[in-house]
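Source file coords.txt; content: compact mmCIF, C-alpha atoms.
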# COMPACT_ATOMS: atom_id res chain seq x y z
CA MET H 12 42.86 -2.27 -52.39
CA ARG H 13 41.21 1.12 -52.75
CA ASP H 14 43.37 4.21 -53.11
CA TYR H 15 43.55 6.54 -50.12
CA VAL H 16 42.85 10.19 -51.01
CA LYS H 17 45.64 12.54 -49.90
CA SER H 18 44.74 16.07 -48.78
CA ARG H 19 45.73 17.78 -52.06
CA ASP H 20 43.59 15.32 -54.02
CA PHE H 21 40.78 15.67 -51.45
CA HIS H 22 40.55 19.42 -52.05
CA ARG H 23 40.76 19.08 -55.83
CA HIS H 24 38.10 16.35 -55.96
CA MET H 25 35.67 18.03 -53.55
CA ARG H 26 36.04 21.34 -55.40
CA SER H 27 35.08 19.57 -58.65
CA LEU H 28 31.99 18.11 -56.95
CA LEU H 29 30.80 21.20 -55.05
CA ALA H 30 31.91 24.23 -57.12
CA SER H 31 28.97 24.42 -59.52
CA ARG H 32 26.41 24.32 -56.68
CA PHE H 33 28.26 26.98 -54.70
CA GLN H 34 28.39 29.15 -57.84
CA GLU H 35 24.64 28.68 -58.38
CA LEU H 36 24.18 30.01 -54.85
CA GLY H 37 26.33 33.09 -55.57
CA TRP H 38 29.65 31.94 -54.08
CA LYS H 39 33.02 32.28 -55.83
CA PRO H 40 35.72 29.59 -55.63
CA GLN H 41 38.91 30.58 -53.80
CA THR H 42 42.37 29.57 -54.96
CA GLY H 43 44.09 26.64 -53.30
CA LYS H 44 42.00 24.47 -51.00
CA CYS H 45 38.31 23.72 -51.35
CA SER H 46 36.85 27.04 -50.24
CA PHE H 47 34.28 29.51 -51.55
CA ALA H 48 33.60 33.17 -50.78
CA ARG H 49 30.54 35.37 -50.84
CA GLY H 50 31.16 38.89 -49.63
CA ARG H 51 32.94 38.63 -46.28
CA ARG H 52 31.82 35.03 -45.74
CA ILE H 53 34.10 32.11 -46.57
CA CYS H 54 33.01 28.47 -46.55
CA TRP H 55 35.82 25.92 -46.46
CA LEU H 56 36.38 22.21 -45.94
CA GLN H 57 38.71 21.16 -43.11
CA ILE H 58 40.47 17.78 -43.02
CA SER H 59 41.26 16.16 -39.68
CA GLN H 60 44.92 16.22 -38.70
CA HIS H 61 44.54 12.64 -37.48
CA SER H 62 44.51 10.71 -40.74
CA ASN H 63 46.59 8.11 -42.51
CA ARG H 64 46.64 5.46 -45.25
CA ILE H 65 45.42 2.78 -42.84
CA LEU H 66 42.53 4.43 -41.01
CA GLY H 67 41.49 7.01 -43.60
CA SER H 68 40.46 10.52 -42.64
CA LYS H 69 37.46 12.74 -41.99
CA PHE H 70 36.42 16.27 -42.81
CA THR H 71 33.98 18.94 -41.75
CA ILE H 72 32.76 22.24 -43.19
CA ASN H 73 33.55 25.62 -41.63
CA MET H 74 32.17 29.08 -42.24
CA THR H 75 34.18 32.22 -41.54
CA GLU H 76 32.09 35.30 -40.96
CA GLY H 77 33.54 38.80 -41.01
CA SER H 78 37.03 39.46 -39.74
CA GLY H 79 39.45 36.98 -38.19
CA ARG H 80 39.25 33.35 -37.16
CA SER H 81 37.03 34.21 -34.19
CA GLY H 82 34.14 34.11 -36.65
CA ASP H 83 34.79 30.46 -37.62
CA THR H 84 31.86 28.14 -37.05
CA ARG H 85 31.15 24.60 -38.09
CA ILE H 86 27.97 24.36 -40.12
CA LEU H 87 27.13 20.65 -40.12
CA HIS H 88 25.35 21.14 -36.78
CA ARG H 89 22.59 22.70 -38.91
CA LEU H 90 21.58 19.30 -40.25
CA ASN H 91 18.01 18.50 -39.29
CA GLU H 92 16.84 15.21 -37.76
CA ALA H 93 16.10 13.55 -41.12
CA ASP H 94 19.51 14.65 -42.48
CA ARG H 95 21.21 13.20 -39.42
CA ALA H 96 19.54 9.82 -39.89
CA ILE H 97 20.66 9.70 -43.53
CA GLY H 98 24.17 10.89 -42.64
CA LYS H 99 24.51 8.30 -39.87
CA ALA H 100 23.52 5.47 -42.25
CA LEU H 101 25.98 6.75 -44.88
CA GLU H 102 28.78 6.96 -42.30
CA GLU H 103 28.13 3.34 -41.28
CA ARG H 104 28.32 2.18 -44.93
CA ILE H 105 31.56 4.10 -45.54
CA ILE H 106 33.18 2.75 -42.36
CA ALA H 107 32.09 -0.81 -43.24
CA ARG H 108 33.87 -0.68 -46.60
CA LEU H 109 37.17 0.73 -45.27
CA PRO H 110 40.05 -1.62 -46.12
CA ARG H 111 41.43 -3.51 -43.12
CA PRO H 112 45.18 -3.71 -42.56
CA ASP H 113 46.80 -7.03 -43.47
CA PRO H 114 48.10 -8.21 -41.13
CA ASP H 115 45.87 -6.38 -38.67
CA PRO H 116 48.15 -5.60 -35.69
CA GLU H 117 46.96 -5.06 -32.15
CA VAL H 118 47.52 -1.66 -30.55
CA GLU H 119 47.15 -0.51 -26.96
CA VAL H 120 44.30 1.90 -26.26
CA VAL H 121 42.86 3.35 -23.08
CA GLY H 122 39.60 1.66 -22.13
CA GLU H 123 36.55 3.19 -20.47
CA ASP H 124 37.83 2.19 -17.05
CA GLY H 125 41.13 4.02 -17.65
CA GLY H 126 43.18 0.84 -18.09
CA THR H 127 44.82 -0.22 -21.34
CA LEU H 128 43.55 -2.94 -23.62
CA LEU H 129 44.63 -4.43 -26.94
CA VAL H 130 42.46 -3.72 -29.96
CA LYS H 131 42.94 -4.65 -33.61
CA LEU H 132 44.05 -1.56 -35.53
CA GLY H 133 41.25 -2.05 -38.08
CA ASP H 134 38.68 -1.96 -35.27
CA LEU H 135 39.72 1.55 -34.20
CA VAL H 136 37.78 3.13 -37.03
CA ARG H 137 34.12 2.83 -36.21
CA ALA H 138 31.05 4.82 -37.02
CA ASN H 139 30.43 7.48 -34.39
CA PRO H 140 26.65 7.42 -33.80
CA LYS H 141 26.88 10.03 -31.01
CA GLN H 142 28.08 12.68 -33.45
CA TRP H 143 24.72 12.49 -35.21
CA ASP H 144 22.84 13.55 -32.07
CA ALA H 145 22.09 17.26 -32.33
CA PRO H 146 23.88 19.61 -31.77
CA SER H 147 27.20 17.79 -32.21
CA ASP H 148 30.37 18.56 -34.10
CA VAL H 149 29.98 16.36 -37.20
CA TRP H 150 33.01 14.96 -39.05
CA LEU H 151 32.52 12.91 -42.23
CA PRO H 152 34.86 9.90 -42.65
CA TYR H 153 36.42 8.93 -45.99
CA PHE H 154 39.11 6.81 -47.52
CA SER H 155 38.59 6.90 -51.29
CA LYS H 156 37.11 9.18 -53.95
CA ASN H 157 33.97 7.01 -53.89
CA ASP H 158 33.48 8.00 -50.25
CA LEU H 159 33.87 11.67 -51.19
CA ASP H 160 31.37 11.21 -54.03
CA ASP H 161 28.88 9.79 -51.53
CA TRP H 162 29.39 12.68 -49.09
CA ALA H 163 29.04 15.23 -51.91
CA ALA H 164 25.77 13.59 -52.98
CA PHE H 165 24.62 13.90 -49.36
CA LEU H 166 25.72 17.55 -49.01
CA LEU H 167 24.62 19.02 -52.36
CA PRO H 168 20.83 19.03 -51.77
CA ARG H 169 21.39 20.46 -48.27
CA LEU H 170 24.05 23.02 -49.14
CA ASP H 171 21.77 26.07 -49.51
CA ARG H 172 20.36 25.48 -46.01
CA LEU H 173 23.79 24.78 -44.48
CA ILE H 174 25.41 27.96 -45.79
CA ALA H 175 22.45 30.29 -45.26
CA SER H 176 23.14 33.23 -42.95
CA SER H 177 21.50 33.28 -39.58
CA SER H 178 20.79 36.63 -37.94
CA SER H 179 23.60 36.15 -35.40
CA GLU H 180 26.09 35.33 -38.16
CA MET H 181 25.14 38.42 -40.12
CA THR H 182 26.35 40.59 -37.26
CA ASP H 183 30.06 41.29 -37.44
CA PRO H 184 31.10 42.45 -33.92
CA LEU H 185 33.90 44.66 -35.26
CA LEU H 186 31.48 46.44 -37.60
CA TRP H 187 29.00 47.01 -34.76
CA PHE H 188 31.76 48.32 -32.48
CA GLN H 189 32.84 50.81 -35.15
CA ARG H 190 29.23 51.97 -35.62
CA LEU H 191 28.75 52.34 -31.85
CA ARG H 192 32.00 54.32 -31.51
CA HIS H 193 30.92 56.62 -34.33
CA LEU H 194 27.49 57.09 -32.76
CA THR H 195 28.87 57.87 -29.28
CA GLY H 196 31.29 60.31 -30.86
CA LEU H 197 28.31 62.31 -32.12
CA PHE H 198 27.12 62.88 -28.56
CA ARG H 199 30.44 63.84 -26.99
CA SER H 200 30.79 67.43 -25.87
CA LYS H 201 33.24 69.49 -27.90
Show me the file's structure as structure tokens.
Amino acid sequence: MRDYVKSRDFHRHMRSLLASRFQELGWKPQTGKCSFARGRRICWLQISQHSNRILGSKFTINMTEGSGRSGDTRILHRLNEADRAIGKALEERIIARLPRPDPDPEVEVVGEDGGTLLVKLGDLVRANPKQWDAPSDVWLPYFSKNDLDDWAAFLLPRLDRLIASSSSEMTDPLLWFQRLRHLTGLFRSK
């Protein structure tokens, strides 16, 4: 059976895979979790709170711009159509190789009609093809370090495009408010 990657090991392993590319792009590693900073921007990997040794976990990538958590945005929505096709195929391969529980118990879930039905626990983890339709919130599933290696290989050639600033992200609202307040102060009567 493959070894499930706990969150501490997730961050350590992903940092080892991504750090050199982030540094090439001018980002500095942060202490603790897998995160990197460049000026006031911070890029960090977030693990789903819904994970366990049976079903595995999933992660996404966030970018914090400027001050406070209000500037947090997910950046995997920036994947283009070709990236999404490759990511979807990789997700399907990773899900297919997840270990199945033995014995595989049945659990009650809510069906599409609102009623409950019994489903094998191992069948709950499935590829999510809808997440690969733009512009969706993309979460990348994993169970072992091999899965993380595969996701890193997918992300590395796309990283510069994913973390590039867009014009709206370059505008910190607090900074603009301070500039506007200063400017209006110049025109006030004394």
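Restricting the calculation to all atoms listed in the file, the smallest distance between Asp14 of chain H and any of H:Gly125, H:Gly67, H:Gly133, H:Pro168 is found for H:Gly67.
Atom CA of Glu76 of chain H is found 6.3 Å from atom CA of Arg51 of chain H.
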**Distance query Asp115 of chain H at most 10 Å, only C-alpha atoms, self and fewer than 5 positions along chain excluded, as an MDAnalysis selection string** = chainID H and resid 130:134
**Message:** Neighbouring residues of segment 143-156 of chain H were defined as those with any atom within 6 Å, considering only C-alpha atoms; residues of the same chain fewer than 6 positions away were excluded. Please report them as a PyMOL selection string.
**Reply:** chain H and resi 14-16+67-71+87-88+95
**Prompt:** For the atom pair atom CA of Arg89 of chain H and atom CA of Leu167 of chain H, what is the interatomic distance in Å to one decimal place?
**Reply:** 14.1 Å
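Around the coordinate (29.8, 0.5, -44.6), residues that reach within 12 Å when counting only C-alpha atoms are Gly98, Lys99, Ala100, Leu101, Glu102, Glu103, Arg104, Ile105, Ile106, Ala107, Arg108, Leu109, Pro110, Val136, Arg137, Ala138, Pro152, Tyr153, Phe154, Asp158 and Asp161 of chain H.
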